[in-house]
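Asker: Just passing along the structure, written as structure tokens.
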Amino acid sequence: MRKKPTLSTKLLAMGAVYLLVALASIGFTLWVTWQLEGGAAAVNEAGRLRMNVLRMELAQQSESAQELEQLRQRFDAGLELLRTGDPSRPLFVPWSDETRARYGDIQRQWLALQQQSASTHPGSAAATLDRSDAFVREIDGFVEAIEVQIVRWTAMLHLFQLFMVAIAIGSAVTFMALSYLLVLNPVARLQQALARVRQGDLATRLEVESDDEFGQLAAGFNLMTHALQTSHEGLERKVREKTASIEVRNERLSALYAVSALAADASSLEVLTQGFVRQIRRVAGCDAAAVRWSDEANKRYVLLAADGLPQLLAEHEQCLDTGVCECGQAQAQARLRVIPIALAGGLHLPHCREAGFKTVVSIPVQVHHRVLGEVTLLYRSTLELSQGLRELLESMARHLASAMESLRASALEREAAVTEERRLIARELHDSIAQSLAFLKIQTQLLRDAVAKGNEQARDRSIAELDVGVRECYADVRELLVHFRTRTQDEDIEDALRSTLSKFEHQTGVATSLSMSGQGLPLAPDVQIQVLHVVQEALSNVRKHAGARHVQLRVQRHPQWRFEVHDDGSGFDPQGVMPDSLHVGLGIMRERAQRIGARLQVVSSPGGGGTRVILELLPSERGDDSRLSGPPAFAGAAS
């Protein structure tokens, strides 16, 4: 197959042709000009021949023979120069038939003139002059023949110049036409195509009309736009895929966030599971969803909440024994499963099939390899779970398990708190009212014996003791009520202490005083409660046993919190008080001190030296004391 010439070849060929034409025209013009210059020089040289003829005529009359010979030699040299020419001048005769004939005639006549001059009878002067005139006319004819040739060359040069002008015009027109066809038009088409590409039309293509450079550029442009279009379409596809993936992830994150928020806000297991089934049904796109709870031994599954589940199906499957149905998985085989309704592992699912469902998804709810329950998703069509949806459902089930475990832990904490509070109340009742009631029981028995024996003195004494015991029991009840109702809402404990001392002073008539020293961070509210209970217990012991007239409460904030209750009563021997004594609440105070990481000291001696009860918060071993609520701006957050 013959290959077409390229654009470079065409342009080089055009340039070579133009160069050859220009060189040929220049060479031809120079050659013609050279011919004209040589002819003009020949005309001049022929003119010298005529002058030499005239001088020889004159030399024959007046000059010597030697001078005449020199003129003849010059004439011979001129004839020879015209015959041979001189390229260096330039000088040469434009030979033609006529000039050759004229030149031959000149040579013959010159020989004849020389022979006649050498004869002994040259003839008359008039005859010699006639011969010379005839010879000069012969030379003039030669000159005219040369001039005719010069005129011909000049006319030829003019015609050639006109022809070159026509060739120049034609070449210019041809060059412009070829430039437009070969260069300008392809460049314009390429520019238009580039403009369309810049405007976003990546489907732009150029027609490949030749195999030259512009054809290669057009093919390369088509390949480039095809690559750009493919890349752009691929990029758009990837962007759409990434956008869809991000939207799916956002939906999954939103679902997980909703489940987390539900777990944080749910106050009971019913609220948690009912909100969860609605959320997972929306995320999974199922027709119905249910949450079942499994007992500790994983023997049965009880329906906690359902959404979209038919009433009849809910009644039939309110409680399922483990392993009886595909929905109730044993703990050892617990995993996410997609179960076709028609037949699953050899077990039929009649209730689900009768309700119109075709696929069941069973998701175990487990934490620390312990099954807490199961989430069941029901579809009225066949289903294949994607890996992403499978991971999302498993993650939501883990969140549900964590929330259920958190509710269980909260319930246990509340139960423990209630138990602890009951133990505290029992100790308080045991150390105060129970003692008084036991004393009243003994006095009642003594009163009964005194009445039976008719011992009036013992009777009156028992009645008086009963009156005192009832009064003390009543005071103990009021004191307990004050203890249980005492709460601190302020950041500083000072107001609560003043209120406690005021109530004590009002009930007992014993003078009290409070002194605060130092500056420090306020106590956390729960620590304040325990400190107040210790102070109230110390004041209760003062009321019951000290017989004091004044009680002083000293509080030190820095470097550590320190509380000291000092009375001026009778005092006692702390070492002589048994740990299980019913008369002094030292055991209760020590337990409260241990709870808040404090140290309790009782300094007293019998004989009127009074008693000091010192409660001192010990430095925290970790260095970050959580018993302090921090600066006022964070007190609310700390509480």
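All residue names refer to the structure tokens as shown: chains lettered A, B, ... in order, residues numbered from 1 in each chain, ligands numbered from 1 in order.
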Region 233-341 of chain A: which residues are strand (DSSP E) by DSSP, as a PyMOL selection string?
Answerer: chain A and resi 288-294+300-307+319-321+337-340
Asker: Quick one: pick out all helix (DSSP H, G or I) residues within region 290-502 of chain A from a backbone DSSP run and write them as a PyMOL selection string.
Answerer: chain A and resi 311-316+331-333+350-354+387-431+433-453+456-485+494-502
Asker: Excluding Phe160 (chain A) and residues on its chain fewer than 3 positions from it, collect all residues at most 12 Å away from it, counting only C-alpha atoms, and give them as a list of chain:residue names.
Answerer: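 Using only C-alpha atoms, the neighbours found are A:Ala24, A:Ser25, A:Ile26, A:Gly27, A:Phe28, A:Thr29, A:Leu30, A:Val32, A:Trp153, A:Thr154, A:Ala155, A:Met156, A:Leu157, A:Phe163, A:Met164, A:Val165, A:Ala166, A:Ile167, A:Ala168.
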Asker: Could you pull the residues within 12 Å of Asp265 (chain A), counting only C-alpha atoms, minus those fewer than 5 positions along the same chain, as a list in words?
Answerer: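 Near neighbours after the sequence-gap exclusion: Ala258, Val259, Ser260, Val271, Leu272, Gly275, Ala403, Ser406 and Leu407 of chain A.
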Asker: Between A:Gly47, A:Glu354, A:Met404, A:Gly388, which is the closest to Val367 (chain A) once you count only C-alpha atoms?
Answerer: A:Met404
Asker: Rounded to one decimal in Å, what is the spacing between CA of Leu309 (chain A) and CA of Ala288 (chain A)?
Answerer: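 Pair CA of Leu309 (chain A) / CA of Ala288 (chain A) returns 5.2 Å.
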Asker: So that I can check the surroundings of Leu389 (chain A), please list as a short mmCIF file (atom, residue, chain, number, x, y, z; two decimals) with N, CA, C and O atoms, in the first residue's frame every protein, DNA and RNA residue that reaches within 10 Å of it, counting only C-alpha atoms and ignoring chain neighbours fewer than 5 positions away.
Answerer:
```cif
data_model
loop_
_atom_site.label_atom_id
_atom_site.label_comp_id
_atom_site.auth_asym_id
_atom_site.auth_seq_id
_atom_site.Cartn_x
_atom_site.Cartn_y
_atom_site.Cartn_z
N VAL A 248 -24.50 5.76 52.60
CA VAL A 248 -24.81 4.53 53.34
C VAL A 248 -24.14 4.56 54.71
O VAL A 248 -24.74 4.21 55.74
N ARG A 252 -25.77 4.52 58.33
CA ARG A 252 -25.42 3.55 59.36
C ARG A 252 -24.96 4.25 60.64
O ARG A 252 -25.32 3.84 61.74
N VAL A 283 -33.90 0.73 59.47
CA VAL A 283 -32.57 0.55 58.86
C VAL A 283 -32.53 -0.67 57.96
O VAL A 283 -32.02 -0.62 56.83
N ALA A 284 -33.09 -1.80 58.41
CA ALA A 284 -33.01 -3.04 57.65
C ALA A 284 -34.06 -3.12 56.55
O ALA A 284 -33.93 -3.96 55.64
N GLU A 384 -30.99 -11.40 50.40
CA GLU A 384 -29.57 -11.69 50.53
C GLU A 384 -28.92 -10.49 51.19
O GLU A 384 -28.91 -9.40 50.64
N GLU A 394 -25.21 -6.45 63.09
CA GLU A 394 -24.47 -7.01 64.21
C GLU A 394 -24.02 -5.92 65.17
O GLU A 394 -24.06 -6.09 66.40
N SER A 395 -23.59 -4.77 64.62
CA SER A 395 -23.18 -3.66 65.48
C SER A 395 -24.36 -3.12 66.29
O SER A 395 -24.22 -2.82 67.48
#
```
Asker: Using Å and a single decimal, report how far CA of Asp307 (chain A) sits from CA of Phe357 (chain A).
Answerer: 14.3 Å
Asker: Restricting the calculation to only C-alpha atoms, which member of A:Arg370, A:Arg554, A:Arg282, A:Arg205 is positioned closest to Ala219 (chain A)?
Answerer: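 Among A:Arg370, A:Arg554, A:Arg282, A:Arg205, it is A:Arg205 that comes nearest to Ala219 (chain A).
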Asker: Please determine, counting only C-alpha atoms, which residue among A:Ala41, A:Ala598, A:Leu262, A:Leu113 has the shortest atom-to-atom distance to Met56 (chain A).
Answerer: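 Under the stated criterion, the closest residue is A:Leu113.
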Asker: Skip Leu320 (chain A) itself and residues of its chain fewer than 6 positions away, then list as an mmCIF file with all heavy atoms, in the first residue's frame all residues within 9 Å of it, counting only C-alpha atoms.
Answerer:
```cif
data_model
loop_
_atom_site.group_PDB
_atom_site.id
_atom_site.type_symbol
_atom_site.label_atom_id
_atom_site.label_comp_id
_atom_site.auth_asym_id
_atom_site.auth_seq_id
_atom_site.Cartn_x
_atom_site.Cartn_y
_atom_site.Cartn_z
ATOM 1 N N LYS A 299 -32.752 -21.071 78.334
ATOM 2 C CA LYS A 299 -33.698 -22.145 78.062
ATOM 3 C C LYS A 299 -34.921 -21.673 77.299
ATOM 4 O O LYS A 299 -35.598 -22.484 76.671
ATOM 5 C CB LYS A 299 -34.134 -22.783 79.386
ATOM 6 C CG LYS A 299 -33.025 -23.549 80.087
ATOM 7 C CD LYS A 299 -33.547 -24.228 81.343
ATOM 8 C CE LYS A 299 -32.446 -25.057 82.018
ATOM 9 N NZ LYS A 299 -32.938 -25.743 83.238
ATOM 10 N N ARG A 300 -35.213 -20.382 77.348
ATOM 11 C CA ARG A 300 -36.404 -19.895 76.656
ATOM 12 C C ARG A 300 -36.168 -18.450 76.214
ATOM 13 O O ARG A 300 -35.291 -17.755 76.741
ATOM 14 C CB ARG A 300 -37.635 -19.986 77.568
ATOM 15 C CG ARG A 300 -37.546 -19.130 78.809
ATOM 16 C CD ARG A 300 -38.754 -19.312 79.707
ATOM 17 N NE ARG A 300 -38.897 -20.700 80.118
ATOM 18 C CZ ARG A 300 -38.288 -21.216 81.199
ATOM 19 N NH1 ARG A 300 -37.501 -20.463 81.936
ATOM 20 N NH2 ARG A 300 -38.478 -22.475 81.527
ATOM 21 N N TYR A 301 -36.979 -18.027 75.234
ATOM 22 C CA TYR A 301 -36.933 -16.659 74.719
ATOM 23 C C TYR A 301 -38.323 -16.047 74.887
ATOM 24 O O TYR A 301 -39.321 -16.621 74.435
ATOM 25 C CB TYR A 301 -36.544 -16.638 73.231
ATOM 26 C CG TYR A 301 -35.072 -16.885 72.983
ATOM 27 C CD1 TYR A 301 -34.566 -18.177 72.882
ATOM 28 C CD2 TYR A 301 -34.188 -15.818 72.846
ATOM 29 C CE1 TYR A 301 -33.227 -18.400 72.650
ATOM 30 C CE2 TYR A 301 -32.835 -16.039 72.612
ATOM 31 C CZ TYR A 301 -32.368 -17.326 72.512
ATOM 32 O OH TYR A 301 -31.032 -17.537 72.281
ATOM 33 N N VAL A 302 -38.388 -14.893 75.536
ATOM 34 C CA VAL A 302 -39.648 -14.201 75.801
ATOM 35 C C VAL A 302 -39.698 -12.951 74.924
ATOM 36 O O VAL A 302 -38.715 -12.193 74.848
ATOM 37 C CB VAL A 302 -39.779 -13.820 77.288
ATOM 38 C CG1 VAL A 302 -41.091 -13.073 77.537
ATOM 39 C CG2 VAL A 302 -39.709 -15.068 78.149
ATOM 40 N N LEU A 303 -40.833 -12.716 74.257
ATOM 41 C CA LEU A 303 -41.004 -11.566 73.373
ATOM 42 C C LEU A 303 -41.101 -10.293 74.206
ATOM 43 O O LEU A 303 -41.998 -10.146 75.049
ATOM 44 C CB LEU A 303 -42.263 -11.742 72.519
ATOM 45 C CG LEU A 303 -42.508 -10.683 71.446
ATOM 46 C CD1 LEU A 303 -41.397 -10.714 70.402
ATOM 47 C CD2 LEU A 303 -43.863 -10.896 70.786
ATOM 48 N N CYS A 327 -35.865 -19.388 65.384
ATOM 49 C CA CYS A 327 -35.645 -18.049 65.946
ATOM 50 C C CYS A 327 -34.988 -18.109 67.317
ATOM 51 O O CYS A 327 -34.408 -17.125 67.762
ATOM 52 C CB CYS A 327 -36.972 -17.294 66.046
ATOM 53 S SG CYS A 327 -37.712 -16.951 64.439
ATOM 54 N N GLY A 328 -35.119 -19.190 68.028
ATOM 55 C CA GLY A 328 -34.531 -19.297 69.358
ATOM 56 C C GLY A 328 -33.240 -20.085 69.311
ATOM 57 O O GLY A 328 -33.237 -21.323 69.339
#
```
Asker: Identify, on the basis of only C-alpha atoms, every residue whose closest approach to Ser171 (chain A) does not exceed 12 Å; exclude the query and any residue fewer than 6 positions from it along the same chain; express the result as a ChimeraX atom specification.
Answerer: /A:14-15,17-19,21-22,163-165,177-179
Asker: I need the chosen residues saved as a PDB file, in the first residue's frame, with N, CA, C and O atoms.
Answerer:
```pdb
ATOM      1  N   MET A  14       7.661  21.707  -1.607  1.00  0.00           N
ATOM      2  CA  MET A  14       7.295  23.043  -2.106  1.00  0.00           C
ATOM      3  C   MET A  14       8.454  24.009  -1.956  1.00  0.00           C
ATOM      4  O   MET A  14       8.779  24.781  -2.888  1.00  0.00           O
ATOM      5  N   GLY A  15       9.117  23.970  -0.808  1.00  0.00           N
ATOM      6  CA  GLY A  15      10.258  24.874  -0.616  1.00  0.00           C
ATOM      7  C   GLY A  15      11.382  24.581  -1.583  1.00  0.00           C
ATOM      8  O   GLY A  15      12.024  25.502  -2.122  1.00  0.00           O
ATOM      9  N   VAL A  17      11.080  23.192  -4.593  1.00  0.00           N
ATOM     10  CA  VAL A  17      10.684  23.653  -5.932  1.00  0.00           C
ATOM     11  C   VAL A  17      10.862  25.156  -6.049  1.00  0.00           C
ATOM     12  O   VAL A  17      11.416  25.672  -7.049  1.00  0.00           O
ATOM     13  N   TYR A  18      10.347  25.881  -5.008  1.00  0.00           N
ATOM     14  CA  TYR A  18      10.498  27.344  -5.050  1.00  0.00           C
ATOM     15  C   TYR A  18      11.968  27.735  -5.071  1.00  0.00           C
ATOM     16  O   TYR A  18      12.363  28.675  -5.779  1.00  0.00           O
ATOM     17  N   LEU A  19      12.808  27.003  -4.346  1.00  0.00           N
ATOM     18  CA  LEU A  19      14.227  27.333  -4.320  1.00  0.00           C
ATOM     19  C   LEU A  19      14.871  27.076  -5.683  1.00  0.00           C
ATOM     20  O   LEU A  19      15.662  27.900  -6.177  1.00  0.00           O
ATOM     21  N   VAL A  21      13.371  26.987  -8.588  1.00  0.00           N
ATOM     22  CA  VAL A  21      12.878  27.985  -9.553  1.00  0.00           C
ATOM     23  C   VAL A  21      13.580  29.310  -9.346  1.00  0.00           C
ATOM     24  O   VAL A  21      13.992  30.000 -10.299  1.00  0.00           O
ATOM     25  N   ALA A  22      13.740  29.689  -8.065  1.00  0.00           N
ATOM     26  CA  ALA A  22      14.403  30.970  -7.791  1.00  0.00           C
ATOM     27  C   ALA A  22      15.853  30.935  -8.238  1.00  0.00           C
ATOM     28  O   ALA A  22      16.357  31.893  -8.859  1.00  0.00           O
ATOM     29  N   PHE A 163       7.568  36.803 -17.034  1.00  0.00           N
ATOM     30  CA  PHE A 163       7.185  35.433 -16.690  1.00  0.00           C
ATOM     31  C   PHE A 163       7.440  35.146 -15.218  1.00  0.00           C
ATOM     32  O   PHE A 163       6.632  34.490 -14.548  1.00  0.00           O
ATOM     33  N   MET A 164       8.560  35.663 -14.697  1.00  0.00           N
ATOM     34  CA  MET A 164       8.866  35.438 -13.275  1.00  0.00           C
ATOM     35  C   MET A 164       7.876  36.167 -12.382  1.00  0.00           C
ATOM     36  O   MET A 164       7.511  35.670 -11.299  1.00  0.00           O
ATOM     37  N   VAL A 165       7.418  37.357 -12.825  1.00  0.00           N
ATOM     38  CA  VAL A 165       6.388  38.063 -12.037  1.00  0.00           C
ATOM     39  C   VAL A 165       5.122  37.223 -11.982  1.00  0.00           C
ATOM     40  O   VAL A 165       4.486  37.069 -10.924  1.00  0.00           O
ATOM     41  N   ALA A 177      -3.085  29.142  -0.863  1.00  0.00           N
ATOM     42  CA  ALA A 177      -4.113  28.102  -0.946  1.00  0.00           C
ATOM     43  C   ALA A 177      -3.651  26.815  -0.264  1.00  0.00           C
ATOM     44  O   ALA A 177      -4.395  26.197   0.518  1.00  0.00           O
ATOM     45  N   LEU A 178      -2.418  26.409  -0.576  1.00  0.00           N
ATOM     46  CA  LEU A 178      -1.907  25.205   0.060  1.00  0.00           C
ATOM     47  C   LEU A 178      -1.749  25.385   1.564  1.00  0.00           C
ATOM     48  O   LEU A 178      -1.986  24.448   2.347  1.00  0.00           O
ATOM     49  N   SER A 179      -1.303  26.590   1.998  1.00  0.00           N
ATOM     50  CA  SER A 179      -1.181  26.853   3.440  1.00  0.00           C
ATOM     51  C   SER A 179      -2.534  26.738   4.125  1.00  0.00           C
ATOM     52  O   SER A 179      -2.645  26.184   5.230  1.00  0.00           O
TER      53      SER A 179
END
```
Asker: Hey, can you check how far CA of Glu67 (chain A) sits from CA of Ala40 (chain A)?
Answerer: 28.9 Å
Asker: Using only C-alpha atoms, pick whichever of A:Ala306, A:Ala411, A:Val542, A:Leu58 has the shortest atom-to-atom distance to Ser267 (chain A).
Answerer: A:Ala411
